[in-house]
$ cat protein01.json   # JSON, C-alpha atoms
[["chain", "number", "residue", "atom", "x", "y", "z"],
["A", 194, "MET", "CA", 13.94, -10.85, -28.71],
["A", 195, "ILE", "CA", 11.39, -12.61, -30.94],
["A", 196, "ALA", "CA", 10.89, -15.22, -28.22],
["A", 197, "LEU", "CA", 9.99, -12.43, -25.77],
["A", 198, "TYR", "CA", 7.19, -11.15, -28.00],
["A", 199, "LEU", "CA", 5.86, -14.62, -28.79],
["A", 200, "GLY", "CA", 6.10, -15.57, -25.11],
["A", 201, "LEU", "CA", 4.19, -12.46, -24.06],
["A", 202, "ALA", "CA", 1.36, -13.23, -26.48],
["A", 203, "ALA", "CA", 1.29, -16.86, -25.30],
["A", 204, "VAL", "CA", 1.24, -15.92, -21.59],
["A", 205, "ILE", "CA", -1.67, -13.53, -22.17],
["A", 206, "PHE", "CA", -3.61, -16.12, -24.17],
["A", 207, "LEU", "CA", -2.99, -18.99, -21.74],
["A", 208, "GLY", "CA", -3.44, -16.85, -18.62],
["A", 209, "ASP", "CA", -6.72, -15.38, -19.77],
["A", 210, "CYS", "CA", -8.02, -18.78, -20.91],
["A", 211, "TRP", "CA", -7.11, -20.17, -17.48],
["A", 212, "LEU", "CA", -8.92, -17.30, -15.73],
["A", 213, "LYS", "CA", -11.99, -17.71, -17.95],
["A", 214, "ASN", "CA", -12.15, -21.45, -17.22],
["A", 215, "LEU", "CA", -11.76, -20.75, -13.49],
["A", 216, "ILE", "CA", -14.62, -18.25, -13.57],
["A", 217, "GLU", "CA", -16.81, -20.66, -15.58],
["A", 218, "ARG", "CA", -16.26, -23.34, -12.91],
["A", 219, "SER", "CA", -16.50, -21.07, -9.87],
["A", 220, "LEU", "CA", -19.39, -18.69, -10.49],
["A", 221, "LYS", "CA", -22.89, -18.85, -11.87],
["A", 222, "VAL", "CA", -23.78, -16.49, -14.71],
["A", 223, "GLY", "CA", -24.57, -13.11, -13.17],
["A", 224, "GLU", "CA", -23.02, -13.97, -9.79],
["A", 225, "THR", "CA", -20.76, -11.28, -8.28],
["A", 226, "ARG", "CA", -18.09, -11.48, -5.59],
["A", 227, "GLU", "CA", -16.15, -8.57, -4.16],
["A", 228, "ALA", "CA", -12.34, -8.47, -3.99],
["A", 229, "TRP", "CA", -9.84, -5.94, -2.63],
["A", 230, "GLY", "CA", -12.35, -4.39, -0.28],
["A", 231, "GLY", "CA", -14.98, -4.01, -2.99],
["A", 232, "ARG", "CA", -12.70, -2.16, -5.42],
["A", 233, "LEU", "CA", -12.81, -5.12, -7.80],
["A", 234, "LEU", "CA", -15.98, -7.06, -8.62],
["A", 235, "ILE", "CA", -15.53, -10.62, -9.87],
["A", 236, "ARG", "CA", -18.44, -11.48, -12.16],
["A", 237, "ARG", "CA", -19.32, -14.13, -14.69],
["A", 238, "THR", "CA", -20.91, -12.75, -17.81],
["A", 239, "HIS", "CA", -21.22, -14.08, -21.33],
["A", 240, "ASN", "CA", -20.68, -11.51, -24.06],
["A", 241, "ARG", "CA", -22.04, -12.73, -27.41],
["A", 242, "GLY", "CA", -21.07, -9.53, -29.21],
["A", 243, "ALA", "CA", -18.09, -7.22, -29.22],
["A", 244, "PHE", "CA", -17.20, -4.62, -26.58],
["A", 245, "MET", "CA", -20.18, -4.02, -24.26],
["A", 246, "ASN", "CA", -22.25, -6.61, -26.19],
["A", 247, "LEU", "CA", -22.21, -4.49, -29.35],
["A", 248, "GLY", "CA", -23.62, -6.68, -32.12],
["A", 249, "GLN", "CA", -24.81, -9.43, -29.78],
["A", 250, "ASN", "CA", -27.69, -10.25, -32.11],
["A", 251, "ARG", "CA", -25.23, -10.74, -34.97],
["A", 252, "SER", "CA", -22.74, -13.01, -33.24],
["A", 253, "GLY", "CA", -21.75, -14.73, -36.51],
["A", 254, "LEU", "CA", -20.71, -11.39, -37.97],
["A", 255, "VAL", "CA", -18.86, -10.45, -34.77],
["A", 256, "THR", "CA", -17.01, -13.79, -34.81],
["A", 257, "GLY", "CA", -16.11, -13.35, -38.49],
["A", 258, "LEU", "CA", -14.78, -9.85, -37.83],
["A", 259, "ALA", "CA", -12.82, -11.10, -34.80],
["A", 260, "VAL", "CA", -11.19, -13.83, -36.89],
["A", 261, "ALA", "CA", -10.42, -11.41, -39.75],
["A", 262, "MET", "CA", -8.91, -8.81, -37.42],
["A", 263, "THR", "CA", -6.87, -11.44, -35.58],
["A", 264, "VAL", "CA", -5.48, -12.73, -38.89],
["A", 265, "LEU", "CA", -4.66, -9.18, -40.00],
["A", 266, "VAL", "CA", -2.84, -8.35, -36.75],
["A", 267, "THR", "CA", -1.01, -11.69, -36.93],
["A", 268, "VAL", "CA", 0.27, -10.83, -40.42],
["A", 269, "MET", "CA", 1.32, -7.35, -39.24],
["A", 270, "PHE", "CA", 3.11, -8.90, -36.27],
["A", 271, "LEU", "CA", 4.94, -11.44, -38.42],
["A", 272, "LEU", "CA", 6.01, -8.73, -40.86],
["A", 273, "SER", "CA", 7.25, -6.56, -37.99],
["A", 274, "LEU", "CA", 9.58, -9.33, -36.82],
["A", 275, "GLY", "CA", 11.76, -8.78, -39.90],
["A", 276, "GLN", "CA", 12.31, -5.10, -39.09],
["A", 277, "LYS", "CA", 15.13, -3.68, -37.01],
["A", 278, "GLY", "CA", 14.28, -1.63, -33.96],
["A", 279, "ASN", "CA", 10.71, -0.53, -33.14],
["A", 280, "HIS", "CA", 10.30, -2.68, -30.07],
["A", 281, "LEU", "CA", 7.25, -0.67, -28.98],
["A", 282, "LEU", "CA", 5.38, -1.67, -32.13],
["A", 283, "ARG", "CA", 6.19, -5.37, -31.67],
["A", 284, "MET", "CA", 5.41, -5.26, -27.94],
["A", 285, "GLY", "CA", 2.07, -3.62, -28.69],
["A", 286, "LEU", "CA", 1.25, -6.17, -31.38],
["A", 287, "ALA", "CA", 2.19, -9.02, -29.01],
["A", 288, "LEU", "CA", -0.17, -7.65, -26.33],
["A", 289, "LEU", "CA", -2.88, -7.14, -28.93],
["A", 290, "LEU", "CA", -2.42, -10.65, -30.33],
["A", 291, "GLY", "CA", -2.49, -12.39, -26.97],
["A", 292, "GLY", "CA", -5.79, -10.71, -26.15],
["A", 293, "ALA", "CA", -7.24, -11.13, -29.62],
["A", 294, "PHE", "CA", -6.40, -14.84, -29.73],
["A", 295, "SER", "CA", -8.07, -15.41, -26.36],
["A", 296, "ASN", "CA", -11.29, -13.55, -27.17],
["A", 297, "THR", "CA", -11.46, -14.97, -30.72],
["A", 298, "TYR", "CA", -10.91, -18.47, -29.33],
["A", 299, "ASP", "CA", -13.88, -17.90, -27.01],
["A", 300, "HIS", "CA", -16.05, -16.71, -29.91],
["A", 301, "LEU", "CA", -15.16, -19.82, -31.91],
["A", 302, "LYS", "CA", -15.29, -22.40, -29.10],
["A", 303, "ARG", "CA", -17.94, -21.14, -26.67],
["A", 304, "LYS", "CA", -19.92, -18.84, -29.01],
["A", 305, "TYR", "CA", -19.47, -16.08, -26.39],
["A", 306, "VAL", "CA", -16.61, -14.34, -24.60],
["A", 307, "VAL", "CA", -16.28, -14.81, -20.85],
["A", 308, "ASP", "CA", -15.92, -11.47, -19.08],
["A", 309, "TYR", "CA", -15.18, -11.60, -15.40],
["A", 310, "PHE", "CA", -14.35, -8.37, -13.60],
["A", 311, "SER", "CA", -15.60, -4.84, -13.06],
["A", 312, "PHE", "CA", -14.39, -1.93, -11.02],
["A", 313, "GLY", "CA", -16.20, -1.26, -7.75],
["A", 314, "VAL", "CA", -16.59, 2.48, -8.30],
["A", 315, "LYS", "CA", -19.44, 4.86, -7.55],
["A", 316, "TRP", "CA", -19.95, 5.77, -11.22],
["A", 317, "LYS", "CA", -22.62, 3.22, -12.15],
["A", 318, "LYS", "CA", -21.95, 3.27, -15.90],
["A", 319, "LEU", "CA", -18.34, 2.18, -15.38],
["A", 320, "ARG", "CA", -19.32, -0.24, -12.61],
["A", 321, "ARG", "CA", -21.66, -2.11, -15.02],
["A", 322, "ILE", "CA", -18.97, -2.72, -17.67],
["A", 323, "VAL", "CA", -17.46, -6.19, -17.31],
["A", 324, "PHE", "CA", -13.98, -6.87, -18.70],
["A", 325, "ASN", "CA", -11.46, -9.65, -19.03],
["A", 326, "LEU", "CA", -7.66, -9.54, -19.09],
["A", 327, "SER", "CA", -7.62, -9.75, -22.88],
["A", 328, "ASP", "CA", -9.69, -6.58, -23.19],
["A", 329, "PHE", "CA", -6.99, -4.58, -21.40],
["A", 330, "CYS", "CA", -4.21, -6.22, -23.39],
["A", 331, "ILE", "CA", -6.01, -5.33, -26.62],
["A", 332, "ILE", "CA", -6.45, -1.70, -25.58],
["A", 333, "ILE", "CA", -2.91, -1.25, -24.27],
["A", 334, "GLY", "CA", -1.47, -3.17, -27.21],
["A", 335, "ALA", "CA", -3.34, -1.09, -29.77],
["A", 336, "LEU", "CA", -2.13, 2.14, -28.13],
["A", 337, "ALA", "CA", 1.46, 0.90, -27.94],
["A", 338, "ALA", "CA", 1.40, -0.31, -31.56],
["A", 339, "ALA", "CA", -0.02, 3.04, -32.71],
["A", 340, "LEU", "CA", 2.68, 4.91, -30.79],
["A", 341, "GLY", "CA", 5.29, 2.51, -32.20],
["A", 342, "THR", "CA", 4.27, 3.28, -35.77],
["A", 343, "GLN", "CA", 4.60, 7.01, -35.05],
["A", 344, "MET", "CA", 8.12, 6.58, -33.67],
["A", 345, "GLU", "CA", 9.58, 4.94, -36.79]]

$ encode --input "protein01.json" --output "structure tokens"
Amino acid sequence: MIALYLGLAAVIFLGDCWLKNLIERSLKVGETREAWGGRLLIRRTHNRGAFMNLGQNRSGLVTGLAVAMTVLVTVMFLLSLGQKGNHLLRMGLALLLGGAFSNTYDHLKRKYVVDYFSFGVKWKKLRRIVFNLSDFCIIIGALAAALGTQME
């Protein structure tokens, strides 16, 4: 079972890194292409901060926090591997780690995170937000881990 959790985190990390590299090679910054009949917008943006460019003028601080949080979640994940049961907690932490490793790697290597898709919806505020796969894994993983801790 441990291999499943480690494999999940690795697939998320490698898959998102592959997608980010593909976007970096295929699109210019700010360029948008439509997919699935306009329901998905493929974009290349560089996020130097956290979610929605929060803290973009303090990228060193954001990177430091990303590293610290990734280390903390890694320790929590490793400690959870010694426990019986609570698969939801470990699955959530694996999702969270895969996404955190990918975005933290970007912060360290590129000095920005590559975000590459938006939803083609009428609500302009949501349409402007650009995500990557890791963002969703972090959100879903955090929710699953929180639920997993409540189910102990």

$ residues_around --input "protein01.json" --residues "Gly200 of chain A" --least-positions-apart "5" --cutoff "10 Å" --atoms "all atoms listed in the file" --output "VMD selection string"
chain A and resid 194 to 195 205 to 206 287 291

$ closest_residue --input "protein01.json" --among "A:Ala261, A:Cys330, A:Ala339, A:Val268" --to "Val204 of chain A" --atoms "only C-alpha atoms"
A:Cys330

$ atom_distance --input "protein01.json" --atom1 "atom CA of Ile331 of chain A" --atom2 "atom CA of Val266 of chain A"
11.0 Å

$ atom_distance --input "protein01.json" --atom1 "atom CA of Gly313 of chain A" --atom2 "atom CA of Gly208 of chain A"
22.9 Å

$ closest_residue --input "protein01.json" --among "A:Gly257, A:Gly292, A:Gly278, A:Gly285" --to "Gly334 of chain A" --atoms "all atoms listed in the file"
A:Gly285

$ residues_around --input "protein01.json" --residues "Leu326 of chain A" --least-positions-apart "2" --cutoff "12 Å" --atoms "only C-alpha atoms" --output "VMD selection string"
chain A and resid 204 to 213 288 to 289 291 to 296 306 to 311 323 to 324 328 to 333

$ atom_distance --input "protein01.json" --atom1 "atom CA of Met284 of chain A" --atom2 "atom CA of Thr267 of chain A"
12.8 Å

$ residues_around --input "protein01.json" --residues "His300 of chain A" --least-positions-apart "3" --cutoff "10 Å" --atoms "only C-alpha atoms" --output "PyMOL selection string"
chain A and resi 240-243+252-253+255-257+259-260+294-297+303-307

$ closest_residue --input "protein01.json" --among "A:Leu319, A:Val314, A:Leu201, A:Leu290" --to "Met262 of chain A" --atoms "only C-alpha atoms"
A:Leu290

$ residues_around --input "protein01.json" --residues "Phe312 of chain A" --least-positions-apart "2" --cutoff "10 Å" --atoms "all atoms listed in the file" --output "PyMOL selection string"
chain A and resi 227-228+231-235+310+314-317+319-324

$ axis_aligned_box --input "protein01.json" --around "segment 246-260 of chain A" --padding-each-side "6 Å" --output "JSON"
{"center_x": -19.4, "center_y": -9.6, "center_z": -32.3, "size_x": 28.5, "size_y": 22.2, "size_z": 24.3}
